[in-house]
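**Student:** Below are the structure tokens for one structure; questions will follow.
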2 protein chains.
Amino acid sequence: MNHPSIIGASIPRLDGRAKVTGRAIYTDDIKAPGMLFGALLRSPIPHGRIKRIDVSKARALAGVKDVIVGADTPQIKYGNWRLVPASQDELPLAVDKVRFVGDEVAAVAAVSSDIAQRALELIEVEYEELPAIYSVEEATAEGAPLIHEESQGNVSLVRKIEYGDLEEWFAKADLILEDEFKVHAVSHAYLEPCSSLAVPDEGGRVTLYTSTQTPYIVQCLLAHTLGIPENYVRVMKTQVGGGFGGKMELRPWEFSASFMALRTGLPVKFTLNRAEELSYGRRRHPMSIYSKVGFSKDGKLLAKDFQVMLDGGAYNAMGPTATFLCGTFGNMLYNFPAYRYYGRHVYTNKPPASAMRGFGAPQAAFANETQLNLAAEKLGIDPIEIRLINAMQTGDVIPDVATVSSCGFKECLEKVREISGWDAKRQAKTPNKGLGVGCFSFISGGVFNWFDTKYNFSAAEVKVFDDGTAQLASMACDIGQGTDTVLRQILAAELGISIEKIRLIAMDTAATPKADLGSWGSRVTLMNGNAVIQAARKIKDMLVPVLFSQFDLNQIHDVAFEGDEVFVKANPKKRMSFAECVYKALRGRRGEPLSAYGYYTPRDKGLVSPAFSFGAQVAEVSVDEDTGLVTVDQMYTAHDCGVAINKMAVEGQLEGAIQMGLGYTLSEQFVMREGHTLNNTFLDYKMPTAEDMPPSVYAEVETYEPEGPFGAKEAGEGLAIPTAPAIAHGVFEATGFRCRKLPITPERLLRGMGKLR
Amino acid sequence: MNHPSIIGASIPRLDGRAKVTGRAIYTDDIKAPGMLFGALLRSPIPHGRIKRIDVSKARALAGVKDVIVGADTPQIKYGNWRLVPASQDELPLAVDKVRFVGDEVAAVAAVSSDIAQRALELIEVEYEELPAIYSVEEATAEGAPLIHEESQGNVSLVRKIEYGDLEEWFAKADLILEDEFKVHAVSHAYLEPCSSLAVPDEGGRVTLYTSTQTPYIVQCLLAHTLGIPENYVRVMKTQVGGGFGGKMELRPWEFSASFMALRTGLPVKFTLNRAEELSYGRRRHPMSIYSKVGFSKDGKLLAKDFQVMLDGGAYNAMGPTATFLCGTFGNMLYNFPAYRYYGRHVYTNKPPASAMRGFGAPQAAFANETQLNLAAEKLGIDPIEIRLINAMQTGDVIPDVATVSSCGFKECLEKVREISGWDAKRQAKTPNKGLGVGCFSFISGGVFNWFDTKYNFSAAEVKVFDDGTAQLASMACDIGQGTDTVLRQILAAELGISIEKIRLIAMDTAATPKADLGSWGSRVTLMNGNAVIQAARKIKDMLVPVLFSQFDLNQIHDVAFEGDEVFVKANPKKRMSFAECVYKALRGRRGEPLSAYGYYTPRDKGLVSPAFSFGAQVAEVSVDEDTGLVTVDQMYTAHDCGVAINKMAVEGQLEGAIQMGLGYTLSEQFVMREGHTLNNTFLDYKMPTAEDMPPSVYAEVETYEPEGPFGAKEAGEGLAIPTAPAIAHGVFEATGFRCRKLPITPERLLRGMGKLR
């Protein structure tokens, strides 16, 4: 395709300089006059009834301005799945019960952070302890205690998918595999701990500065829990130091800051520390997966029975979406005629799991991809070959989901085979070394409107000025993924102006156009990008008439916008600067500015996503047979994200994804005892560091996604999916041990290799 | 007229609570991370050449982050009269010459305010002193030194008005009066000293928080002086603690903060202190006025020759507008056939005078009204009667200016006569007591586009939401006059919703719609009010179809918006809540929000103003014949501001105007010696306090101004005009001394009464 040159350019993040020089302003950097400091009292037990709370001593402490418990609040339950009100199971502060170690019980606002902490110690809470549950197996066992009375068997949500005659296709299969997989929880470990500052406004309104991926969602749910109109809440985003799915819900400190700001008339700020984040924060869903697959002897996947229990922890959080998507990730990527998915979201007495980069896919893919490798082995087919046999292509249908409008999956497989030297290295069979492969497909934003917004899914406002500059306002949310740069590239391309000339207005639910559902599901580039383009095209419709008048053009002519100039395509000498064109248009409008709104909602795109990315990854691993330590020597990735708007940003996503995938596969886990997290520092929670990073080779497979802006689709999350199955497969090739449980710790590996008992 | 009940209601200011509890956030309250503190080095001499500046010692001081002098800057002149580029005579920092004591020569940014002050002391400046000029008479004398080389005779601008045959009408006159008047400078004395905080943005952009009446003007001029595109500057208004005309230009500290923020990459704040404000700040123009008037023996004004020299101080500032308007204020209010105005704006080596509440009118009115009282005396006509003889009425034409579309002046005269007990008290003739009258007319915003904006003069964006709330965004600027409340009343009235439900977005040149010229010339209620109404009507056009569809209405029907409900006028049972109507409209728009822009520019309204207020005031004064002290015992005011949107706000304007008028007439003045201001504290600068305030009776004379929102016109500045002539007239009635010079200090009065030599 012929794109403006800024599409596909490697433009360093426009906010990069401020971030690396420490000048970017995050929520905790903001100091409002008269500001109070908040602190949260959390449950020390995993499950229990609150018998009595006495806050009188805390209230009496000098410097304490407010203390609240659940009973002081409107006690309105909330949750992101507004479309299914029964799924809204959280209260900002616990009222009758606590359900995990860390459940918020009371909040304090004081003139200093120290005083707030001391006040917490003065709050007396008497609990009646209840039996606690730490696994989905216990939770769903006969007679298990109920964590939420309403949810029988501790299952809060079930999703089923079924098509094709499963029994018939299994009957036809030459090979049937039945496996169980267990994947664990890991932390988002975003660098910026959560911080929220609520400033009371005139008339019972409140402005909340908060580190969030979803300002619009926070606005709506905060207003709901406060019992005030939605538009009495204004949410303003400052810089966000990462989210990865962990900052996409209303959080108790957002409520408590706002509620106490309204009560005291003073600004209230909460900033969490790392220990709170690791001990009580959201995390990726552990899952127990049963998967039965059937293959023909020539490697065709015929049937899949996929049963998943998600360990949701104490509340639903984004669990319903993960439960929903996990089933969908079970039937993307490969074509097969019969599928049954049975997903259950299960409560346990642990910190709630929620969305995390990949949104159910890394877990599903670990099972799916590992089983493909198993089948390849059993059938004597090369693992890449078996994928090529089953791989989706453009125009294929994901049953009940969508028709895939662009797909470079087969090219990715070919490409990764080539760049990794797959065939030669497999032939060579070096001891203790192995090549493993993992593949993925991912959504470019969600269609199913679980938040039940009444607005378009994404919106943007573009203004242009006669100084040749433009302004882009949108509620889309750069949380570190670089969309503030990418969206400006899209606008620069559409208007043909320099990217430097575009000011971006940070999202602010009162000033940026309604609505945008936020940064999750890899939705921003495609959805907000399309909204930006629509707005820019409306602007161009106001500018084009200037040239027609000025140059007396026949109506068949067309006008180009390029290089900060506007000209007649068939006669480029007829041109003027963009600035002059805006000036003339402005004059013609008698003082009315040039501004336009643009919107995007996926329509006629099924219920899952308007577009799908694809990719394949090969991990080259070495195993130390004495220590059981796995080293990833090299990563090879081939990737179809449509047209990459910013190649550098895509490669940045890949680097980050490999780092997270490495941790997920090999080293990261929560060490828990009776509901308490024991490793809540970055010393004990083992994330890979820069030193652990393998070298990486990247191959772009460009397709053109017709639904995407300039042909783009997602690049943020899909890359986080293939690493675990690829490494696990590499470990099998090196050791002969097929790991069905993550992480592949040295202990687990040595046991698998029979070297430890 | 039949208005919605909120029009004319006395609604306390919606921002009042935050202000009186100290929680409102002014610019100086904002602390940006890493912020530097700025300080200005000012000229210690009234006129001179800069021979040498050495900032090396200042730069070397630990904690100093930047020091700038004129030569470091782009040296681009600026001024509000962009339409006349030659009038732009100011530089942010002096380059070759200094022209008044206080002229800005250098600026420092340091990590603390103390260090910044110490750094100032380390800057060495060598001046060549030049002869200085302190009065318009010296300045315009033959051979006077030139303050600006370009301005011959130190006159920077001349305005002439002439119509009718002056000689012929003077020849017809039975009475001719020739008088000279001298009026002096006074301070705006706003409670909040100027403060500006510049925060550097990505890509060479800057955000300026500043205490200003004119964010759009500051944006444009700041960008101009920085040499960057207009839209690289974002101006955000916080609360403003008064302006009165003194905060409507770009100021050197706004430039210096921004320029150093861009250089250092750090936020820079300047906050002036009271001594700086009083010593160097803008002030009301002193004027030397010659006025010759001719009357027929029955009291008809026939001709006026009005010659004014404005003492502009060192730069033009808003002097051109004052020079322009002063001539117009000479022929408003009364009808007469022949007029000549010759106004000259003159440079002197004093701090620049500029706009101040009344914008040339208090000075002109002091002469005009005093001469009317003189004529009444000479002709033996009652002073109110002579005004009634000449008073304008609706439909009268101010020659070359406008047709007056609403005028309650005669009713005001009748009313003030009645409420003051004028006839009886004049009959009674109490010793040392007197009743004096003064009248006024004032503009409701200006038409003449001296700022040369390409945009409409005023704009607003209205959004409505399905929670029944609305949002109003405009660049209009509440600087304490209460327009944030009044504009919401207008929107509440137009949409028929409760005012509490309307959020107002504080102006922000990047987020509120372009443009608004700011708060001056009493323009906000009429101009922005009309823009708000236009936007609201567009919203209603989107809502009305909902009722037509829902209730199957014949197209002749009309829909009413009242009480947070929407209903069919002819059948009010067919109704729904406003919220529901918005919800249904939103659904019908498939997710596109309901928002609309509205604009206003006066058209076909001449060159001065779209509407004129009128009023009359009677001051009842006592004079202590021994001390010369004047006490105002009671004020009576009758006032036509069209339909008062907020009666309480209008009365607040009156209270403030009386306070300022009292100070202007009796006690306030700058005591200056060789260009230095000696009384630069509130102890020495004698403003009337609450204890000095006379009781006041107010009578509203309601007219309906067809050009105004709901019939409203101005109420902010006109009321500041009549007090000086009314008190001076009262003093004459009490003492027989007719004062032609302000202020009427005890000393001046005792001399006038012959009691002091």
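Naming works like this for the structure tokens: A, B, ... for the chains as they're shown, residue 1 at the start of each chain, ligands 1 onward in shown order.
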Show me, as a ChimeraX atom specification, the residues of chain B whose atoms get within 9 Å of chain A, using only C-alpha atoms for the distance check.
**Tutor:** /B:14-15,17-18,23,25,29-34,201-203,205,229-232,265-266,453-457,459,465-471,473,500-501,503,505,510-515,583,586-587,590-593,599,601
**Student:** Could you pull out the residues in stretch 71-308 of chain B that DSSP calls helix (DSSP H, G or I) from the backbone, as a PyMOL selection string?
**Tutor:** chain B and resi 71-72+85-87+113-122+136-140+152-154+166-172+202-204+215-226+230-232+252-264+274-280
**Student:** Can I get the selection written as a PDB file, in the first residue's frame, with C-alpha atoms?
**Tutor:**
ATOM      1  CA  ALA B  71      19.139  40.897  24.366  1.00  0.00           C
ATOM      2  CA  ASP B  72      18.506  37.210  25.128  1.00  0.00           C
ATOM      3  CA  PRO B  85       0.849  47.524  14.398  1.00  0.00           C
ATOM      4  CA  ALA B  86       2.551  50.876  14.991  1.00  0.00           C
ATOM      5  CA  SER B  87       0.774  51.067  18.359  1.00  0.00           C
ATOM      6  CA  SER B 113      12.242  33.232  45.908  1.00  0.00           C
ATOM      7  CA  ASP B 114      14.978  34.461  48.257  1.00  0.00           C
ATOM      8  CA  ILE B 115      17.743  33.366  45.917  1.00  0.00           C
ATOM      9  CA  ALA B 116      15.969  35.023  43.015  1.00  0.00           C
ATOM     10  CA  GLN B 117      15.848  38.287  44.973  1.00  0.00           C
ATOM     11  CA  ARG B 118      19.516  38.011  45.920  1.00  0.00           C
ATOM     12  CA  ALA B 119      20.413  37.370  42.289  1.00  0.00           C
ATOM     13  CA  LEU B 120      18.688  40.609  41.280  1.00  0.00           C
ATOM     14  CA  GLU B 121      21.059  42.486  43.539  1.00  0.00           C
ATOM     15  CA  LEU B 122      24.001  40.926  41.710  1.00  0.00           C
ATOM     16  CA  VAL B 136       1.102  65.669  29.367  1.00  0.00           C
ATOM     17  CA  GLU B 137       1.749  69.397  29.302  1.00  0.00           C
ATOM     18  CA  GLU B 138       5.540  68.924  29.541  1.00  0.00           C
ATOM     19  CA  ALA B 139       5.373  66.019  27.111  1.00  0.00           C
ATOM     20  CA  THR B 140       3.599  67.991  24.408  1.00  0.00           C
ATOM     21  CA  GLN B 152       6.536  63.044  17.497  1.00  0.00           C
ATOM     22  CA  GLY B 153       5.522  65.334  20.322  1.00  0.00           C
ATOM     23  CA  ASN B 154       5.179  62.257  22.493  1.00  0.00           C
ATOM     24  CA  LEU B 166     -19.832  73.414  15.641  1.00  0.00           C
ATOM     25  CA  GLU B 167     -19.426  77.142  14.951  1.00  0.00           C
ATOM     26  CA  GLU B 168     -22.989  77.502  13.808  1.00  0.00           C
ATOM     27  CA  TRP B 169     -24.374  75.782  16.898  1.00  0.00           C
ATOM     28  CA  PHE B 170     -22.135  77.684  19.292  1.00  0.00           C
ATOM     29  CA  ALA B 171     -23.357  80.861  17.572  1.00  0.00           C
ATOM     30  CA  LYS B 172     -26.921  79.834  18.352  1.00  0.00           C
ATOM     31  CA  GLU B 202       6.532  18.661  25.033  1.00  0.00           C
ATOM     32  CA  GLY B 203       7.745  19.933  21.681  1.00  0.00           C
ATOM     33  CA  GLY B 204       8.631  23.523  22.606  1.00  0.00           C
ATOM     34  CA  PRO B 215      -6.516  34.420  28.251  1.00  0.00           C
ATOM     35  CA  TYR B 216      -6.956  34.471  24.492  1.00  0.00           C
ATOM     36  CA  ILE B 217      -5.129  37.792  24.172  1.00  0.00           C
ATOM     37  CA  VAL B 218      -2.348  36.533  26.405  1.00  0.00           C
ATOM     38  CA  GLN B 219      -2.076  33.357  24.322  1.00  0.00           C
ATOM     39  CA  CYS B 220      -1.746  35.260  21.064  1.00  0.00           C
ATOM     40  CA  LEU B 221       0.651  37.932  22.286  1.00  0.00           C
ATOM     41  CA  LEU B 222       2.779  35.550  24.290  1.00  0.00           C
ATOM     42  CA  ALA B 223       3.245  33.283  21.261  1.00  0.00           C
ATOM     43  CA  HIS B 224       4.039  36.373  19.192  1.00  0.00           C
ATOM     44  CA  THR B 225       6.738  37.608  21.579  1.00  0.00           C
ATOM     45  CA  LEU B 226       8.185  34.115  21.987  1.00  0.00           C
ATOM     46  CA  GLU B 230      -0.052  30.766  18.589  1.00  0.00           C
ATOM     47  CA  ASN B 231      -1.247  27.316  19.462  1.00  0.00           C
ATOM     48  CA  TYR B 232       2.026  26.302  21.048  1.00  0.00           C
ATOM     49  CA  PRO B 252       6.486  40.952  31.171  1.00  0.00           C
ATOM     50  CA  TRP B 253       6.342  38.261  33.841  1.00  0.00           C
ATOM     51  CA  GLU B 254       4.117  36.101  31.640  1.00  0.00           C
ATOM     52  CA  PHE B 255       6.727  36.335  28.935  1.00  0.00           C
ATOM     53  CA  SER B 256       9.673  35.845  31.300  1.00  0.00           C
ATOM     54  CA  ALA B 257       8.108  32.838  33.025  1.00  0.00           C
ATOM     55  CA  SER B 258       7.367  31.203  29.665  1.00  0.00           C
ATOM     56  CA  PHE B 259      10.650  32.080  28.043  1.00  0.00           C
ATOM     57  CA  MET B 260      12.686  30.765  30.973  1.00  0.00           C
ATOM     58  CA  ALA B 261      10.464  27.688  31.289  1.00  0.00           C
ATOM     59  CA  LEU B 262      11.239  26.845  27.672  1.00  0.00           C
ATOM     60  CA  ARG B 263      14.953  27.520  28.217  1.00  0.00           C
ATOM     61  CA  THR B 264      15.306  25.557  31.443  1.00  0.00           C
ATOM     62  CA  ARG B 274       1.614  44.715  46.625  1.00  0.00           C
ATOM     63  CA  ALA B 275       4.473  47.217  46.523  1.00  0.00           C
ATOM     64  CA  GLU B 276       5.289  46.196  42.950  1.00  0.00           C
ATOM     65  CA  GLU B 277       1.629  46.408  42.025  1.00  0.00           C
ATOM     66  CA  LEU B 278       1.196  49.894  43.447  1.00  0.00           C
ATOM     67  CA  SER B 279       4.563  51.223  42.296  1.00  0.00           C
ATOM     68  CA  TYR B 280       4.693  49.889  38.777  1.00  0.00           C
TER      69      TYR B 280
END
**Student:** With only C-alpha atoms as the counted atoms, please give the residues lying no more than 9 Å from A:Arg738, apart from itself and same-chain residues fewer than 4 positions off, as a PDB file with C-alpha atoms, in the first residue's frame.
**Tutor:**
ATOM      1  CA  THR A 370       1.569 -27.098  23.933  1.00  0.00           C
ATOM      2  CA  LEU A 374       2.401 -32.753  21.570  1.00  0.00           C
ATOM      3  CA  ALA A 728       8.185 -24.715  27.261  1.00  0.00           C
ATOM      4  CA  HIS A 729       8.514 -26.415  23.909  1.00  0.00           C
ATOM      5  CA  VAL A 731      12.664 -26.970  27.206  1.00  0.00           C
ATOM      6  CA  PHE A 732      10.997 -30.181  26.033  1.00  0.00           C
ATOM      7  CA  GLU A 733      13.269 -30.334  23.020  1.00  0.00           C
ATOM      8  CA  GLY A 752      10.300 -33.447  35.586  1.00  0.00           C
TER       9      GLY A 752
END
**Student:** Set the distance at 8 Å and use only C-alpha atoms: which residues neighbour B:Val69 once local chain neighbours fewer than 2 positions away are removed? I'd like the list as number ranges by chain.
**Tutor:** B: 67, 71-73, 93-95, 105-107
**Student:** Okay, now the selection with N, CA and C atoms, as a compact mmCIF listing (two decimals), in the first residue's frame?
**Tutor:**
# COMPACT_ATOMS: atom_id res chain seq x y z
N VAL B 67 19.01 33.50 33.99
CA VAL B 67 18.94 34.97 34.06
C VAL B 67 18.79 35.44 32.63
N ALA B 71 18.35 41.39 25.51
CA ALA B 71 19.14 40.90 24.37
C ALA B 71 19.03 39.38 24.19
N ASP B 72 18.66 38.67 25.24
CA ASP B 72 18.51 37.21 25.13
C ASP B 72 17.19 36.81 24.46
N THR B 73 16.29 37.75 24.37
CA THR B 73 14.93 37.43 23.93
C THR B 73 14.75 37.75 22.45
N LEU B 93 11.21 42.72 27.92
CA LEU B 93 12.31 43.25 28.73
C LEU B 93 12.96 44.36 27.90
N ALA B 94 13.28 45.45 28.56
CA ALA B 94 13.81 46.61 27.87
C ALA B 94 15.09 46.24 27.12
N VAL B 95 15.29 46.84 25.95
CA VAL B 95 16.50 46.55 25.20
C VAL B 95 17.46 47.74 25.22
N VAL B 105 13.90 45.09 33.22
CA VAL B 105 15.20 45.09 32.57
C VAL B 105 15.80 43.68 32.51
N ALA B 106 15.54 42.89 33.52
CA ALA B 106 16.09 41.53 33.55
C ALA B 106 15.16 40.65 34.38
N ALA B 107 15.29 39.34 34.18
CA ALA B 107 14.49 38.41 34.97
C ALA B 107 15.36 37.24 35.38
**Student:** Can you list, as JSON, numbers by chain, every protein, DNA or RNA residue that comes within 6 Å of stretch 321-331 of chain A when you count only C-alpha atoms, leaving out same-chain residues fewer than 6 positions away?
**Tutor:** {"A": [341, 343, 359, 360, 361]}
**Student:** Please compute the atom CA of A:Glu180-atom CA of A:Ala375 distance, one decimal, in Å.
**Tutor:**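 We find that atom CA of A:Glu180 and atom CA of A:Ala375 lie 14.7 Å from each other.
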**Student:** Would you mind telling me which residue in B:Ala715, B:Val608, B:Leu662, B:Val240 lies nearest to B:Ala690 when using only C-alpha atoms?
**Tutor:**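 Smallest separation from B:Ala690 among the options: B:Leu662.
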**Student:** Which residues come within 12 Å of A:Leu756, counting only C-alpha atoms, excluding same-chain residues fewer than 3 positions away, as a list in words?
**Tutor:**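 Result of the neighbour search: Glu625, Asp626, Thr627, Gly628, Pro746, Glu747, Arg748, Leu749, Leu750, Arg751, Gly752 and Met753 of chain A.
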**Student:** Save the residues we just selected, N, CA and C atoms, as a compact mmCIF listing (two decimals), in the first residue's frame?
**Tutor:**
# COMPACT_ATOMS: atom_id res chain seq x y z
N GLU A 625 21.55 -28.91 32.95
CA GLU A 625 20.94 -30.16 33.45
C GLU A 625 21.24 -30.41 34.92
N ASP A 626 22.20 -29.70 35.48
CA ASP A 626 22.49 -29.87 36.91
C ASP A 626 21.63 -28.97 37.78
N THR A 627 21.53 -27.71 37.36
CA THR A 627 20.78 -26.76 38.20
C THR A 627 19.32 -26.64 37.78
N GLY A 628 19.00 -27.09 36.58
CA GLY A 628 17.64 -26.91 36.09
C GLY A 628 17.35 -25.50 35.62
N PRO A 746 13.47 -24.16 38.24
CA PRO A 746 14.49 -25.21 38.27
C PRO A 746 13.99 -26.43 39.03
N GLU A 747 13.35 -26.22 40.15
CA GLU A 747 12.86 -27.34 40.96
C GLU A 747 11.89 -28.21 40.17
N ARG A 748 10.92 -27.53 39.54
CA ARG A 748 9.92 -28.26 38.78
C ARG A 748 10.57 -28.98 37.59
N LEU A 749 11.51 -28.33 36.98
CA LEU A 749 12.15 -28.93 35.82
C LEU A 749 13.01 -30.14 36.21
N LEU A 750 13.77 -29.98 37.29
CA LEU A 750 14.61 -31.10 37.74
C LEU A 750 13.75 -32.29 38.13
N ARG A 751 12.61 -31.99 38.80
CA ARG A 751 11.68 -33.10 39.11
C ARG A 751 11.18 -33.75 37.83
N GLY A 752 10.81 -32.92 36.86
CA GLY A 752 10.30 -33.45 35.59
C GLY A 752 11.35 -34.29 34.87
N MET A 753 12.59 -33.85 35.00
CA MET A 753 13.68 -34.58 34.36
C MET A 753 14.08 -35.80 35.19
**Student:** Mind checking DSSP for stretch 466-715 of chain A and telling me the strand (DSSP E) residues as a ChimeraX atom specification?
**Tutor:** /A:470-474,502-505,559-562,565-568,571-577,594-600,612-623,630-640,672-673,676-677,696-700
**Student:** Please dump the current selection as a CSV table (one decimal), in the first residue's frame; keep C-alpha atoms.
**Tutor:**
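As a result, out-v6.csv now contains:
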chain,number,residue,atom,x,y,z
A,470,ALA,CA,-3.5,21.2,14.9
A,471,GLN,CA,-4.9,19.9,18.2
A,472,LEU,CA,-6.0,16.4,19.0
A,473,ALA,CA,-8.2,15.8,22.0
A,474,SER,CA,-9.3,12.3,22.8
A,502,ILE,CA,0.1,18.6,16.7
A,503,ARG,CA,-0.7,19.3,20.3
A,504,LEU,CA,-2.4,16.5,22.1
A,505,ILE,CA,-4.8,17.3,24.9
A,559,VAL,CA,-7.0,17.8,-3.3
A,560,ALA,CA,-3.9,16.4,-1.6
A,561,PHE,CA,-2.7,17.2,1.9
A,562,GLU,CA,1.0,16.7,2.2
A,565,GLU,CA,0.8,22.0,2.1
A,566,VAL,CA,-2.5,21.6,0.2
A,567,PHE,CA,-2.5,21.1,-3.5
A,568,VAL,CA,-4.5,20.0,-6.5
A,571,ASN,CA,-1.8,20.0,-10.9
A,572,PRO,CA,0.5,20.3,-7.9
A,573,LYS,CA,1.5,23.8,-8.8
A,574,LYS,CA,-1.8,24.9,-7.6
A,575,ARG,CA,-1.0,24.8,-4.0
A,576,MET,CA,-0.9,26.8,-0.7
A,577,SER,CA,0.4,26.2,2.7
A,594,LEU,CA,-12.4,24.7,12.4
A,595,SER,CA,-13.1,21.8,14.6
A,596,ALA,CA,-14.6,18.5,14.2
A,597,TYR,CA,-15.5,15.4,16.1
A,598,GLY,CA,-14.9,11.9,14.9
A,599,TYR,CA,-16.2,8.6,16.3
A,600,TYR,CA,-15.7,4.9,16.0
A,612,PHE,CA,-7.1,-9.8,14.5
A,613,SER,CA,-3.3,-9.8,14.7
A,614,PHE,CA,-1.2,-12.9,14.2
A,615,GLY,CA,2.3,-14.1,14.9
A,616,ALA,CA,4.7,-16.8,15.6
A,617,GLN,CA,7.7,-17.0,17.9
A,618,VAL,CA,10.6,-19.3,18.3
A,619,ALA,CA,12.6,-19.5,21.5
A,620,GLU,CA,16.0,-21.0,21.4
A,621,VAL,CA,16.8,-22.3,24.9
A,622,SER,CA,19.5,-24.0,26.9
A,623,VAL,CA,18.9,-26.0,30.0
A,630,VAL,CA,16.6,-22.4,31.7
A,631,THR,CA,18.4,-19.7,29.6
A,632,VAL,CA,16.7,-18.2,26.6
A,633,ASP,CA,19.5,-17.7,24.2
A,634,GLN,CA,17.6,-16.1,21.4
A,635,MET,CA,14.1,-15.1,20.5
A,636,TYR,CA,12.7,-15.0,16.9
A,637,THR,CA,9.4,-13.3,16.2
A,638,ALA,CA,7.4,-12.9,13.1
A,639,HIS,CA,4.4,-10.7,13.4
A,640,ASP,CA,1.4,-9.4,11.5
A,672,MET,CA,1.4,-17.3,49.3
A,673,ARG,CA,0.6,-18.8,52.7
A,676,HIS,CA,-0.9,-13.9,52.7
A,677,THR,CA,1.6,-13.0,50.0
A,696,SER,CA,15.8,-10.8,19.7
A,697,VAL,CA,15.2,-10.9,16.0
A,698,TYR,CA,12.0,-9.4,14.6
A,699,ALA,CA,10.4,-9.9,11.3
A,700,GLU,CA,7.4,-7.8,10.3
**Student:** Would you mind reading off the distance between atom CA of A:Lys304 and atom CA of A:Gly606, one decimal, in Å?
**Tutor:**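 Pair atom CA of A:Lys304 / atom CA of A:Gly606 returns 21.8 Å.
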**Student:** Name the residues in contact with B:Ile744 at a cut-off of 8 Å, using only C-alpha atoms, excluding same-chain residues fewer than 6 positions from it; report them as number ranges by chain.
**Tutor:** B: 665-667, 728
**Student:** At what distance in Å, to one decimal, does atom CA of B:Gly319 lie from atom CA of B:Ala367?
**Tutor:**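 Separating atom CA of B:Ala367 from atom CA of B:Gly319 is a distance of 18.8 Å.
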